[in-house]
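Shown next, in C-alpha cells, is the structure this report addresses.
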Amino acid sequence: MNMLWTLALKEVKDGLRNRWIAAAIILLGTLAVALSLLGSAPTGSVRVSELDITVISLSSLSVYLIPLIALMLSFDALVGEFERGTMMLLLTYPVERWQVIMGKFLGHLIILFIAIFTGYGGAILLMTVLTGGGTEGWQAYVAMMASSLLLGSVFIALGYLVSILVRERATAAGSAIGLWLAFVVLYDLILFGALLIDEGQIIGQKLFTILMLISPTDSYRILNLSMFEGVSQAAGIAGIASEAGMNSSIMLSVMMLWVVVPLMMTLYVFQKREI
Amino acid sequence: MDDTRSSNNVISLQDVSKTYSKETVLHNINLNIQPGECIVLVGHNGAGKTSLLKLMLGLTKPSSGVVEVLGKNPAFSAAVAQRLALGYLPESVAFYEAMTGREVLSFYAQLKGSKPKECEKLLDLVGLGDAARRRVGTYSKGMRQRLGLAQAMLGNPQLLFLDEPTTGLDPILRQHFYELIDGLQMQGATSIISSHALSEVEARASRFVILKAGYVVACGTLDELYQKATLPIRMKVSVSPGEASSVAQRFSSDVNISEINNQSFNLSCLSHEKMPLIRHISSLGDVVHDMQIMPPKLDELYSHFMNESPS
C-alpha cells in the first residue's frame, strides 16, 4: 500500500506542479457557473429545481469534456516514461508492475476527483451562496459529480491501454483523440444513423437498449438523466429509461467494466513487455 | 571461465542467450560472480553489455539458459523484494525533469524504504547539496550522472550495476566518482561496471569480461588475460656507447631484436621467455648499463581480444 501511495502522490504532485489540476478546476468551474446561470432562467412556472436543470446541462457537457480531460491525463502515462527512459530505472526498484499501473491510476483518480469536486462542487456552492438559490436536488448534483469521476476513470483506463500499446508519444496522442471521437461522437452518430436507415427492421428496442448500454458515455448520460425523479421529469424522459430495462445498477456495472477490462489488458501487456 | 556452480555466487548465468526478434544479442553466456567482486564488462557499443545488465536486473528474460541473482530469478515477482539490495545506474540516466533533485531522490528513497535523512547525506556526498532545490531539467550531464549515482547508492546496496558510469564526466569528477564506488566496495558490495575505457577501471576490477558481438571472448583477472593473450613483452637494453650491435649479436637468433642504435636496442619476447632472457642479459656483464621491461599496454590487450574472432 505504501508503494501505491508513493507512486500516486508523485502523479498528484506532478499535476499540481504543471498547473494541470488548476487548469482543470478553472475550466470545470467556469462551465458549471455558466450553466447554472443559464439553468436558472427557464425554471419559471413549472416547479423545477435550478439544480436539476444544471445537472441536465452539465452532464450533457461533461460527456464530452470529462473523457477529454481523462485522456489528456493518461495517454502519456506509460509511453512517456518508456520514451524518456524513466520506466527502466523505476522497474529496478522494489516495485511490482501492477503497482506501477495502479499507483498511477490512483494518482490520476485523485487528480480528477480534485478537479471535478472543486470545479463543479465549488462553483455550485458559490452560486448558491451568491444567488440564494435552493439546494433542492443536491443529491442528483452529487451523483452527477461522482458518475463524472467514474466516466473519467473509464477514459483514464482506456488512455493507459493506448499508452502501453503504442511505441511513441505522438502516436499515443493521436490514438487518444481517435478514441475520444469514437466513443463520444462517432458511436452515437453511427447508432442513430443505423436506426434511421434500419427503420426498426433489425434493430428492435431490445437491441437498441443493449447498444446504448454498452457505450460508457451513453450509460453515463442515461444514468444522470434517469436516476433522480426531479431530473428525469425536467429532462422529459421520466419513466422511459426504466421501461426500457435500463436501471442504475446495470449502467454502473457497465461503466465499471469499462474501467476494469482496459486496466487488466494494460497490465497484461505491461507484464509481458521487455524493457 | 568459472563453470563451477557454488552456492555463494551473488550472480550466476548458465548458458544464457538472448534474442530480440531474430537478432541474437547474447550467445551462451556463462558467468559466476562472487560476493565482493568488481566485475568490469568491456566491449564496443552494441557488444551486449547493456543487454547483459538488463538480464541481471530482471528487466528482460533470457531466451534460453538460467539467470540467478542472489539465488533467485530476477525476472520473477518473487525477486521484487530483493531489489532493495540492488542499485542501478543506467547509461545516460533519465529523471522526471520537473522535479527538483531532492524530490527525485526522496521519491526513489521512499520506494526503497530509505530514510529522508539518507537523501541529504547522499546529496552532499555526490556534491549536489547546493543544487538539490533546482529542477532536474536544469541539471548538466555531470550533475544528472551524480544524481544517478546517489539514487543507485540508496539503501547501501549489496549489488551495484553501473552502465558506463563515467561517460560525459570530466577527469576530476570521474576520479571522485570512482572514490564513491570504492567506498561501497569497501563495505563489501559487489559491483558490475560496464565500460569501454579499460585503463580507467583497471585498478579496481577484480575480473574483466570482454564482450564482442554478444560473445564472451575473454574473462578473467588482468594477469589471466595477459597470459591468455600471449602478447609480447618488450625490453629496452642500454649498453656502453658503440656496443649495441655487438651485444645484440650475442643473443640467439630466435630472439626478436629491433631498433638497434648506438647505445640501445629493443627486445621482444613472450612471457615464459622473459626470465631466461633476463638471466642472459645479466650474464653479459658491465657492458649492459640498464634495462627496462615494458609489459603490454592495456589498450593492446583490449585490441588483441577485439580482433580475435568469437569462438
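Residues are referred to by chain and number: the chain letter is A, B, ... according to the order shown in the C-alpha cells, the number counts from 1 in that chain, and ligands are numbered separately from 1 in the order shown.
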Give me every helix (DSSP H, G or I) residue in segment 179-264 of chain B, going by DSSP on the backbone, as a list in words.
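Those in segment 179-264 of chain B that DSSP calls helix (DSSP H, G or I) are Glu179, Leu180, Ile181, Asp182, Gly183, Leu184, Gln185, Met186, Leu198, Ser199, Glu200, Val201, Glu202, Ala203, Arg204, Leu222, Asp223, Glu224, Leu225, Tyr226, Gln227, Lys228, Ala229, Ala244, Ser245, Ser246, Val247 and Ala248 of chain B.
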Got time to write the residues from that selection, N, CA and C atoms, as a PDB file, in the first residue's frame?
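Okay, again14.pdb is ready:
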ATOM      1  N   GLU B 179      35.948   7.142  -6.391  1.00  0.00           N
ATOM      2  CA  GLU B 179      36.171   7.109  -4.944  1.00  0.00           C
ATOM      3  C   GLU B 179      34.884   6.705  -4.226  1.00  0.00           C
ATOM      4  N   LEU B 180      33.765   7.234  -4.725  1.00  0.00           N
ATOM      5  CA  LEU B 180      32.476   6.896  -4.113  1.00  0.00           C
ATOM      6  C   LEU B 180      32.179   5.403  -4.258  1.00  0.00           C
ATOM      7  N   ILE B 181      32.461   4.898  -5.460  1.00  0.00           N
ATOM      8  CA  ILE B 181      32.208   3.470  -5.698  1.00  0.00           C
ATOM      9  C   ILE B 181      33.132   2.621  -4.828  1.00  0.00           C
ATOM     10  N   ASP B 182      34.384   3.093  -4.686  1.00  0.00           N
ATOM     11  CA  ASP B 182      35.329   2.381  -3.819  1.00  0.00           C
ATOM     12  C   ASP B 182      34.793   2.283  -2.400  1.00  0.00           C
ATOM     13  N   GLY B 183      34.161   3.376  -1.957  1.00  0.00           N
ATOM     14  CA  GLY B 183      33.592   3.391  -0.614  1.00  0.00           C
ATOM     15  C   GLY B 183      32.603   2.264  -0.409  1.00  0.00           C
ATOM     16  N   LEU B 184      31.736   2.078  -1.417  1.00  0.00           N
ATOM     17  CA  LEU B 184      30.747   0.995  -1.325  1.00  0.00           C
ATOM     18  C   LEU B 184      31.428  -0.367  -1.378  1.00  0.00           C
ATOM     19  N   GLN B 185      32.449  -0.435  -2.214  1.00  0.00           N
ATOM     20  CA  GLN B 185      33.190  -1.679  -2.386  1.00  0.00           C
ATOM     21  C   GLN B 185      33.820  -2.106  -1.059  1.00  0.00           C
ATOM     22  N   MET B 186      34.303  -1.099  -0.335  1.00  0.00           N
ATOM     23  CA  MET B 186      34.942  -1.369   0.955  1.00  0.00           C
ATOM     24  C   MET B 186      33.953  -1.993   1.924  1.00  0.00           C
ATOM     25  N   LEU B 198      39.107   0.744 -20.790  1.00  0.00           N
ATOM     26  CA  LEU B 198      39.737  -0.246 -19.916  1.00  0.00           C
ATOM     27  C   LEU B 198      40.646   0.383 -18.874  1.00  0.00           C
ATOM     28  N   SER B 199      41.465   1.315 -19.303  1.00  0.00           N
ATOM     29  CA  SER B 199      42.501   1.842 -18.421  1.00  0.00           C
ATOM     30  C   SER B 199      41.894   2.510 -17.189  1.00  0.00           C
ATOM     31  N   GLU B 200      40.690   3.062 -17.376  1.00  0.00           N
ATOM     32  CA  GLU B 200      40.080   3.806 -16.298  1.00  0.00           C
ATOM     33  C   GLU B 200      39.679   2.912 -15.116  1.00  0.00           C
ATOM     34  N   VAL B 201      39.285   1.675 -15.438  1.00  0.00           N
ATOM     35  CA  VAL B 201      38.750   0.807 -14.407  1.00  0.00           C
ATOM     36  C   VAL B 201      39.736  -0.291 -13.999  1.00  0.00           C
ATOM     37  N   GLU B 202      40.910  -0.288 -14.642  1.00  0.00           N
ATOM     38  CA  GLU B 202      41.889  -1.345 -14.447  1.00  0.00           C
ATOM     39  C   GLU B 202      42.168  -1.614 -12.976  1.00  0.00           C
ATOM     40  N   ALA B 203      42.414  -0.517 -12.235  1.00  0.00           N
ATOM     41  CA  ALA B 203      42.880  -0.664 -10.864  1.00  0.00           C
ATOM     42  C   ALA B 203      41.837  -1.306  -9.953  1.00  0.00           C
ATOM     43  N   ARG B 204      40.543  -1.066 -10.241  1.00  0.00           N
ATOM     44  CA  ARG B 204      39.556  -1.561  -9.281  1.00  0.00           C
ATOM     45  C   ARG B 204      38.856  -2.848  -9.711  1.00  0.00           C
ATOM     46  N   LEU B 222      43.322  -9.538 -14.723  1.00  0.00           N
ATOM     47  CA  LEU B 222      44.213  -8.900 -15.680  1.00  0.00           C
ATOM     48  C   LEU B 222      45.373  -9.838 -16.043  1.00  0.00           C
ATOM     49  N   ASP B 223      45.936 -10.479 -15.008  1.00  0.00           N
ATOM     50  CA  ASP B 223      47.045 -11.405 -15.257  1.00  0.00           C
ATOM     51  C   ASP B 223      46.634 -12.550 -16.170  1.00  0.00           C
ATOM     52  N   GLU B 224      45.483 -13.114 -15.886  1.00  0.00           N
ATOM     53  CA  GLU B 224      45.000 -14.229 -16.704  1.00  0.00           C
ATOM     54  C   GLU B 224      44.799 -13.794 -18.149  1.00  0.00           C
ATOM     55  N   LEU B 225      44.298 -12.592 -18.301  1.00  0.00           N
ATOM     56  CA  LEU B 225      44.078 -12.107 -19.666  1.00  0.00           C
ATOM     57  C   LEU B 225      45.405 -11.936 -20.400  1.00  0.00           C
ATOM     58  N   TYR B 226      46.402 -11.399 -19.690  1.00  0.00           N
ATOM     59  CA  TYR B 226      47.708 -11.233 -20.327  1.00  0.00           C
ATOM     60  C   TYR B 226      48.274 -12.583 -20.755  1.00  0.00           C
ATOM     61  N   GLN B 227      48.118 -13.572 -19.846  1.00  0.00           N
ATOM     62  CA  GLN B 227      48.630 -14.892 -20.170  1.00  0.00           C
ATOM     63  C   GLN B 227      47.926 -15.478 -21.383  1.00  0.00           C
ATOM     64  N   LYS B 228      46.603 -15.281 -21.382  1.00  0.00           N
ATOM     65  CA  LYS B 228      45.818 -15.863 -22.461  1.00  0.00           C
ATOM     66  C   LYS B 228      46.144 -15.183 -23.793  1.00  0.00           C
ATOM     67  N   ALA B 229      46.400 -13.894 -23.715  1.00  0.00           N
ATOM     68  CA  ALA B 229      46.608 -13.142 -24.951  1.00  0.00           C
ATOM     69  C   ALA B 229      47.981 -13.429 -25.560  1.00  0.00           C
ATOM     70  N   ALA B 244      76.164  -1.492 -29.058  1.00  0.00           N
ATOM     71  CA  ALA B 244      74.829  -2.066 -29.230  1.00  0.00           C
ATOM     72  C   ALA B 244      74.796  -3.237 -30.197  1.00  0.00           C
ATOM     73  N   SER B 245      75.356  -3.060 -31.357  1.00  0.00           N
ATOM     74  CA  SER B 245      75.229  -4.129 -32.346  1.00  0.00           C
ATOM     75  C   SER B 245      76.024  -5.363 -31.962  1.00  0.00           C
ATOM     76  N   SER B 246      77.184  -5.157 -31.313  1.00  0.00           N
ATOM     77  CA  SER B 246      77.966  -6.335 -30.928  1.00  0.00           C
ATOM     78  C   SER B 246      77.275  -7.102 -29.815  1.00  0.00           C
ATOM     79  N   VAL B 247      76.649  -6.386 -28.875  1.00  0.00           N
ATOM     80  CA  VAL B 247      75.914  -7.068 -27.812  1.00  0.00           C
ATOM     81  C   VAL B 247      74.715  -7.804 -28.396  1.00  0.00           C
ATOM     82  N   ALA B 248      74.071  -7.150 -29.353  1.00  0.00           N
ATOM     83  CA  ALA B 248      72.878  -7.757 -29.941  1.00  0.00           C
ATOM     84  C   ALA B 248      73.190  -9.088 -30.598  1.00  0.00           C
TER      85      ALA B 248
END
I'd like the neighbourhood of segment 213-216 of chain B as a PyMOL selection string, where a residue qualifies if any of its atoms comes within 10 Å (using only C-alpha atoms), though same-chain residues fewer than 2 positions away should be ignored.
chain B and resi 1+17-18+24-31+41-49+51-52+209-211+218-219+306+309-311
Grab the atom CA of Tyr141 of chain A to atom CA of Ser59 of chain A distance for me, in Å with one decimal place.
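About the pair atom CA of Tyr141 of chain A and atom CA of Ser59 of chain A: they are 9.5 Å apart.
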Using only C-alpha atoms for the distances, tell me which of B:His196, B:Lys112, B:His280, B:His289 is nearest to chain A.
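Under the stated criterion, the closest residue is B:Lys112.
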Can you pull out the residues contacting Phe183 of chain A? Cut-off 8 Å, using only C-alpha atoms, and skip same-chain residues under 3 positions away; I want them as number ranges by chain.
A: 179-180, 186-188, 215-217
At a cut-off of 10 Å, list the chain B residues touching chain A, using only C-alpha atoms, as an MDAnalysis selection string.
chainID B and resid 20 54 57:61 74 76:99 103:104 107:113 148 151:152
For the atom pair atom CA of Leu301 of chain B and atom CA of Thr230 of chain B, what is the interatomic distance in Å to one decimal place?
9.3 Å
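Excluding segment 240-243 of chain B itself and any same-chain residue fewer than 6 positions from it, the protein and nucleic acid residues within 12 Å of it, counting only C-alpha atoms, are Gln249, Arg250, Ile260, Asn261, Asn262, Gln263, Ser264, Phe265, Leu284, Gly285, Asp286, Val287, Val288, His289 and Asp290 of chain B.
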Two-atom distance - atom CA of Met153 of chain B, atom CA of Cys38 of chain B (Å):
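Between these atoms lies a distance of 15.6 Å.
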Among A:Leu51, A:Met251, A:Ala123, A:Ile222, Thr135 of chain A is approached most closely, using only C-alpha atoms, by A:Leu51
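Among the candidate residues A:Gly193, A:Gly119, A:Gly152, A:Gly107, the one lying nearest to Met256 of chain A is A:Gly152, with distances computed using only C-alpha atoms.
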Any idea what's packed within 10 Å of Ser153 of chain A, counting only C-alpha atoms, ignoring anything in its chain fewer than 6 positions away? Could you give it as a list in words?
Ile66, Pro67, Ala70, Leu71, Ser74, Phe105, Leu106, His108, Leu109, Leu112, Phe113, Ser147, Gly159, Met255, Met256, Trp258, Val259 and Val260 of chain A
